[in-house]
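Engineer: The structure is given below, and queries will be raised subsequently.
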Amino acid sequence: MCLLLSTTSFLADPGNLLRYSVPRGSGGDLCDPSSVLWHVDIVLFYYLLIIIYYLILQLRMNKNVASAVHKNANGANNWIKFTNALPPPASSLNTAVVQKHEKKDIEVVAIDCEMVGIQPDGQRNMLARVSIVNSKGETIYDKFVKPTATVTDYRTPVSGIRPEDIEHGEVFAKVKKEVTHLLKNKLLVGHALEHDLKVLRISHPKHMIRDTSTYWKFKQLTEGRTPGLKRLTLHFLGASIQEGEHSSVQDAKAALQLYMLARKDWELLLKKRRSRPRNGTKSHNGSQGKQK
C-alpha cells in the first residue's frame with residue numbers, strides 16, 4: 001500500500017523523488033520512510049517506472065509516425081501511380097534534357113570460322129563452319145556451310161571438318177545473309193577477323209571491330225609479332241584450347257574473353273585516339289594473317 005501511495009505521488013510530481021532525505025538509521029518497518037530498506041526499494045521502483053514511462057511514450061510516437069508514413073507514402077500505391085503515370089509535358093522540362101537520349105552500350109558479339117581448302121593445292125580458303133557467341137558467351141549461331149566448290153583439303157586435324165559435316169550444310173547465300181543480319185550495329189570481336197570476313201564475303205565497319213590478334217598489349221607477348229589465339233588464351237586466361245581439332249565456338253568464346261579482359265584499357269585507348277587530330281598514323285587494327 002505504501003508503494004502504491006508513493007507511486008501516485010511520483011506520477012503527480014516526479015520531483016517528489018528528489019525530496020526524500022537520506023535516512024539517518026537503518027531497520028524498522030518496510031513502509032516507514034525512515035527505514036533504509038524502504039528507501040532503497042522505492043528508489044529502484046521509481047527508476048523502473050521512469051523506464052516504463054519512456055518506453056510507452058516511444059511506442060506512441062513510433063505508431064504515429066508509422067501511421068503518417070503509411071497514409072501519405074504507401075509503397076504499393078506509389079508503384080501503381082508510377083507505372084501508370086503519363087510523362088510530363090515537354091514544355092515543363094529543360095530543352096537540353098529532352099533532346100538528350102541516354103547512350104546505350106553497344107552489343108558485343110564474337111565470331112570464328114572454320115575453313116577448308118579448295119583448288120588443286122588446297123591453299124585457298126572456303127567457309128565450312130561459322131559460329132557466333134554473344135557477350136555472355138552463349139552460342140547464338142553455329143552452322144556448317146555447304147561447299148560452293150570442290151574441296152581438296154578438309155584440314156580435319158585442325159579444322160575438325162569432315163565431308164559429312166558440310167555435305168548437308170546450309171547454303172552459303174543464306175548463311176551470309178543471316179550472319180550479316182546478326183552482326184549489324186554490333187561490336188565485332190574475333191581473332192584475325194579479316195580472314196573470317198573474307199570467306200564470309202562481308203564487311204564490317206572498322207571502328208566496330210576488336211581484333212585480338214592486333215591489340216598492342218597482346219602483341220607484347222610475341223614482341224610485336226601477331227600472336228596466336230592459343231597462346232593468348234593460355235597466357236592471359238590460363239585455359240588450353242585447340243588441343244587437336246579446333247572448335248569455332250570455343251575459339252569465338254576465347255576471343256570474347258580476351259576482349260572482355262582488356263576492354264577497359266582497349267576502349268580508353270581508342271577513345272583517346274579518336275580525340276586526336278588525324279595525322280595518318282597507322283591503326284593497331286591492322287592484321288598480319290590469321291594465326292590460330
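Naming scheme: A, B, ... for chains in displayed order of the C-alpha cells; residues 1 onward per chain; ligands 1 onward as shown.
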Identify, with DSSP run on backbone atoms, the residues in region 82-240 of chain A assigned to strand (DSSP E), and express the list as a ChimeraX atom specification.
Structural biologist: /A:108-118,124-134,139-144,151-153,187-190,209-211
Engineer: Which of region 96-285 of chain A counts as alpha helix (DSSP H) under DSSP, as number ranges by chain please?
Structural biologist: A: 96-99, 156-159, 163-167, 172-183, 193-200, 216-219, 229-232, 248-275
Engineer: When you look at region 180-190 of chain A with a cut-off of 9 Å (counting only C-alpha atoms), what residues show up, excluding the ones that are within fewer than 4 positions of it in the same chain? I need them as a compact mmCIF listing (two decimals) with N, CA and C atoms, in the first residue's frame.
Structural biologist:
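That gives us part-v3.txt:
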# COMPACT_ATOMS: atom_id res chain seq x y z
N ILE A 106 26.86 -0.63 -76.66
CA ILE A 106 26.79 -1.34 -77.93
C ILE A 106 26.88 -2.84 -77.65
N GLU A 107 26.03 -3.60 -78.30
CA GLU A 107 26.04 -5.05 -78.10
C GLU A 107 27.31 -5.65 -78.69
N VAL A 108 27.89 -6.59 -77.96
CA VAL A 108 29.14 -7.23 -78.37
C VAL A 108 28.87 -8.67 -78.78
N VAL A 109 29.45 -9.09 -79.92
CA VAL A 109 29.39 -10.49 -80.34
C VAL A 109 30.79 -10.89 -80.79
N ALA A 110 31.06 -12.18 -80.71
CA ALA A 110 32.35 -12.70 -81.18
C ALA A 110 32.10 -13.77 -82.22
N ILE A 111 32.96 -13.83 -83.21
CA ILE A 111 32.77 -14.76 -84.33
C ILE A 111 34.06 -15.53 -84.61
N ASP A 112 33.90 -16.74 -85.13
CA ASP A 112 35.04 -17.50 -85.62
C ASP A 112 34.54 -18.46 -86.70
N ILE A 132 28.92 -17.89 -83.79
CA ILE A 132 28.84 -16.56 -83.17
C ILE A 132 28.35 -16.74 -81.74
N TYR A 141 24.69 -18.59 -82.88
CA TYR A 141 24.68 -19.05 -84.27
C TYR A 141 25.82 -20.05 -84.45
N VAL A 175 23.54 -18.35 -95.25
CA VAL A 175 24.45 -18.12 -94.12
C VAL A 175 24.96 -16.68 -94.14
N LYS A 176 25.36 -16.24 -95.30
CA LYS A 176 25.86 -14.87 -95.44
C LYS A 176 24.81 -13.84 -95.01
N ASP A 196 38.13 -14.22 -91.54
CA ASP A 196 36.74 -14.65 -91.36
C ASP A 196 35.80 -13.85 -92.25
N ILE A 202 31.76 -10.62 -96.54
CA ILE A 202 31.05 -9.48 -95.96
C ILE A 202 32.07 -8.49 -95.41
N SER A 203 31.61 -7.31 -95.09
CA SER A 203 32.46 -6.29 -94.47
C SER A 203 31.80 -5.83 -93.17
N HIS A 204 32.58 -5.15 -92.36
CA HIS A 204 32.06 -4.62 -91.10
C HIS A 204 32.79 -3.31 -90.84
N PRO A 205 32.07 -2.30 -90.30
CA PRO A 205 32.72 -1.00 -90.04
C PRO A 205 34.00 -1.17 -89.21
N HIS A 207 35.59 0.77 -87.22
CA HIS A 207 35.55 1.25 -85.83
C HIS A 207 34.72 0.33 -84.93
N MET A 208 34.05 -0.65 -85.54
CA MET A 208 33.24 -1.60 -84.77
C MET A 208 33.91 -2.97 -84.67
N ILE A 209 35.19 -3.02 -84.99
CA ILE A 209 35.94 -4.28 -84.94
C ILE A 209 36.95 -4.25 -83.80
N ARG A 210 37.01 -5.36 -83.05
CA ARG A 210 38.00 -5.53 -82.00
C ARG A 210 38.71 -6.86 -82.25
N ASP A 211 39.90 -6.75 -82.82
CA ASP A 211 40.64 -7.94 -83.24
C ASP A 211 41.73 -8.25 -82.21
N THR A 212 41.63 -9.40 -81.58
CA THR A 212 42.59 -9.76 -80.53
C THR A 212 43.98 -10.07 -81.08
N SER A 213 44.11 -10.24 -82.39
CA SER A 213 45.43 -10.51 -82.97
C SER A 213 46.22 -9.23 -83.19
N ASP A 251 36.79 -21.13 -80.00
CA ASP A 251 37.68 -20.04 -80.39
C ASP A 251 36.99 -18.68 -80.27
N ALA A 252 35.71 -18.62 -80.63
CA ALA A 252 34.96 -17.37 -80.52
C ALA A 252 34.84 -16.97 -79.05
N LYS A 253 34.59 -17.94 -78.18
CA LYS A 253 34.47 -17.66 -76.74
C LYS A 253 35.80 -17.18 -76.17
N ALA A 254 36.89 -17.77 -76.63
CA ALA A 254 38.22 -17.37 -76.15
C ALA A 254 38.53 -15.93 -76.55
N ALA A 255 38.24 -15.58 -77.81
CA ALA A 255 38.47 -14.22 -78.28
C ALA A 255 37.61 -13.22 -77.48
N LEU A 256 36.38 -13.61 -77.22
CA LEU A 256 35.49 -12.75 -76.44
C LEU A 256 36.04 -12.50 -75.04
N TYR A 259 38.95 -10.12 -75.09
CA TYR A 259 38.49 -8.73 -75.25
C TYR A 259 37.93 -8.19 -73.94
Engineer: One decimal, in Å: what's the spacing between CA of Gly160 (chain A) and CA of Ser247 (chain A)?
Structural biologist: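 Separating CA of Gly160 (chain A) from CA of Ser247 (chain A) is a distance of 7.1 Å.
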Engineer: Expressed in Å to a single decimal, how great is the separation between CA of Glu267 (chain A) and CA of Gln220 (chain A)?
Structural biologist: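 CA of Gln220 (chain A) lies 17.8 Å from CA of Glu267 (chain A).
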Engineer: For CA of Ile166 (chain A) and CA of Ala128 (chain A), determine how far apart the two atoms are, in Å to one decimal place.
Structural biologist: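 We find that CA of Ile166 (chain A) and CA of Ala128 (chain A) lie 6.5 Å from each other.
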Engineer: With the cut-off set at 9 Å and counting only C-alpha atoms, tabulate each residue of region 91-169 of chain A with an atom at most that distance from an atom of region 234-246 of chain A, showing the nearest atom pair and its distance in Å to one decimal, ordered by chain and increasing number, as JSON lines.
Structural biologist:
{"residue": "A:Glu114", "atom": "CA", "partner": "A:His246", "partner_atom": "CA", "distance": 8.1}
{"residue": "A:Thr156", "atom": "CA", "partner": "A:Glu245", "partner_atom": "CA", "distance": 7.0}
{"residue": "A:Pro157", "atom": "CA", "partner": "A:Glu245", "partner_atom": "CA", "distance": 5.2}
{"residue": "A:Val158", "atom": "CA", "partner": "A:Glu245", "partner_atom": "CA", "distance": 4.6}
{"residue": "A:Ser159", "atom": "CA", "partner": "A:His246", "partner_atom": "CA", "distance": 5.4}
{"residue": "A:Gly160", "atom": "CA", "partner": "A:Glu245", "partner_atom": "CA", "distance": 4.8}
{"residue": "A:Ile161", "atom": "CA", "partner": "A:Glu245", "partner_atom": "CA", "distance": 8.6}
Engineer: Using only N, CA and C atoms, please write the residues we just selected to a file, as a short mmCIF file (atom, residue, chain, number, x, y, z; two decimals), in the first residue's frame.
Structural biologist:
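Contents of again.cif, freshly written:
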data_model
loop_
_atom_site.label_atom_id
_atom_site.label_comp_id
_atom_site.auth_asym_id
_atom_site.auth_seq_id
_atom_site.Cartn_x
_atom_site.Cartn_y
_atom_site.Cartn_z
N GLU A 114 35.58 -21.84 -89.38
CA GLU A 114 36.46 -22.93 -89.77
C GLU A 114 36.42 -23.00 -91.30
N THR A 156 41.08 -31.60 -91.64
CA THR A 156 40.39 -32.15 -90.47
C THR A 156 41.19 -32.08 -89.18
N PRO A 157 42.50 -32.39 -89.16
CA PRO A 157 43.25 -32.35 -87.90
C PRO A 157 43.21 -30.98 -87.23
N VAL A 158 43.02 -29.93 -88.04
CA VAL A 158 42.94 -28.57 -87.47
C VAL A 158 41.51 -28.05 -87.49
N SER A 159 40.85 -28.16 -88.63
CA SER A 159 39.50 -27.58 -88.77
C SER A 159 38.43 -28.40 -88.07
N GLY A 160 38.66 -29.71 -87.95
CA GLY A 160 37.63 -30.59 -87.38
C GLY A 160 36.51 -30.87 -88.35
N ILE A 161 36.66 -30.41 -89.58
CA ILE A 161 35.61 -30.58 -90.59
C ILE A 161 35.80 -31.90 -91.33
#
Engineer: For Lys174 (chain A), which of A:Arg276, A:Lys146, A:Arg225, A:Lys271 is the closest residue, counting only C-alpha atoms?
Structural biologist: A:Lys146
Engineer: Please provide the set of residues having any atom within 10 Å of Gly122 (chain A), restricted to only C-alpha atoms, with same-chain residues fewer than 6 positions apart removed, written as a list in words.
Structural biologist: Val116, Thr150, Val151, Thr152, Asp153, Tyr154 and Arg155 of chain A
Engineer: Please identify all polymer residues within 8 Å of Cys113 (chain A), counting only C-alpha atoms, omitting same-chain residues fewer than 5 positions from it, and present them as an mmCIF file with N, CA and C atoms, in the first residue's frame.
Structural biologist:
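Below is the file that was written, around11.cif:
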data_model
loop_
_atom_site.group_PDB
_atom_site.id
_atom_site.type_symbol
_atom_site.label_atom_id
_atom_site.label_comp_id
_atom_site.auth_asym_id
_atom_site.auth_seq_id
_atom_site.Cartn_x
_atom_site.Cartn_y
_atom_site.Cartn_z
ATOM 1 N N LEU A 127 34.646 -21.247 -96.741
ATOM 2 C CA LEU A 127 33.915 -21.349 -95.469
ATOM 3 C C LEU A 127 33.276 -22.727 -95.301
ATOM 4 N N ALA A 128 33.458 -23.300 -94.102
ATOM 5 C CA ALA A 128 32.866 -24.596 -93.801
ATOM 6 C C ALA A 128 31.985 -24.547 -92.547
ATOM 7 N N ARG A 129 32.301 -23.656 -91.636
ATOM 8 C CA ARG A 129 31.513 -23.537 -90.409
ATOM 9 C C ARG A 129 31.685 -22.125 -89.860
ATOM 10 N N VAL A 130 30.611 -21.560 -89.344
ATOM 11 C CA VAL A 130 30.668 -20.240 -88.723
ATOM 12 C C VAL A 130 29.922 -20.274 -87.391
ATOM 13 N N SER A 131 30.542 -19.712 -86.371
ATOM 14 C CA SER A 131 29.953 -19.697 -85.035
ATOM 15 C C SER A 131 29.999 -18.282 -84.470
ATOM 16 N N ASP A 196 38.128 -14.220 -91.541
ATOM 17 C CA ASP A 196 36.740 -14.654 -91.361
ATOM 18 C C ASP A 196 35.800 -13.851 -92.249
ATOM 19 N N SER A 248 35.159 -23.790 -83.653
ATOM 20 C CA SER A 248 34.911 -22.366 -83.887
ATOM 21 C C SER A 248 34.122 -21.731 -82.739
#
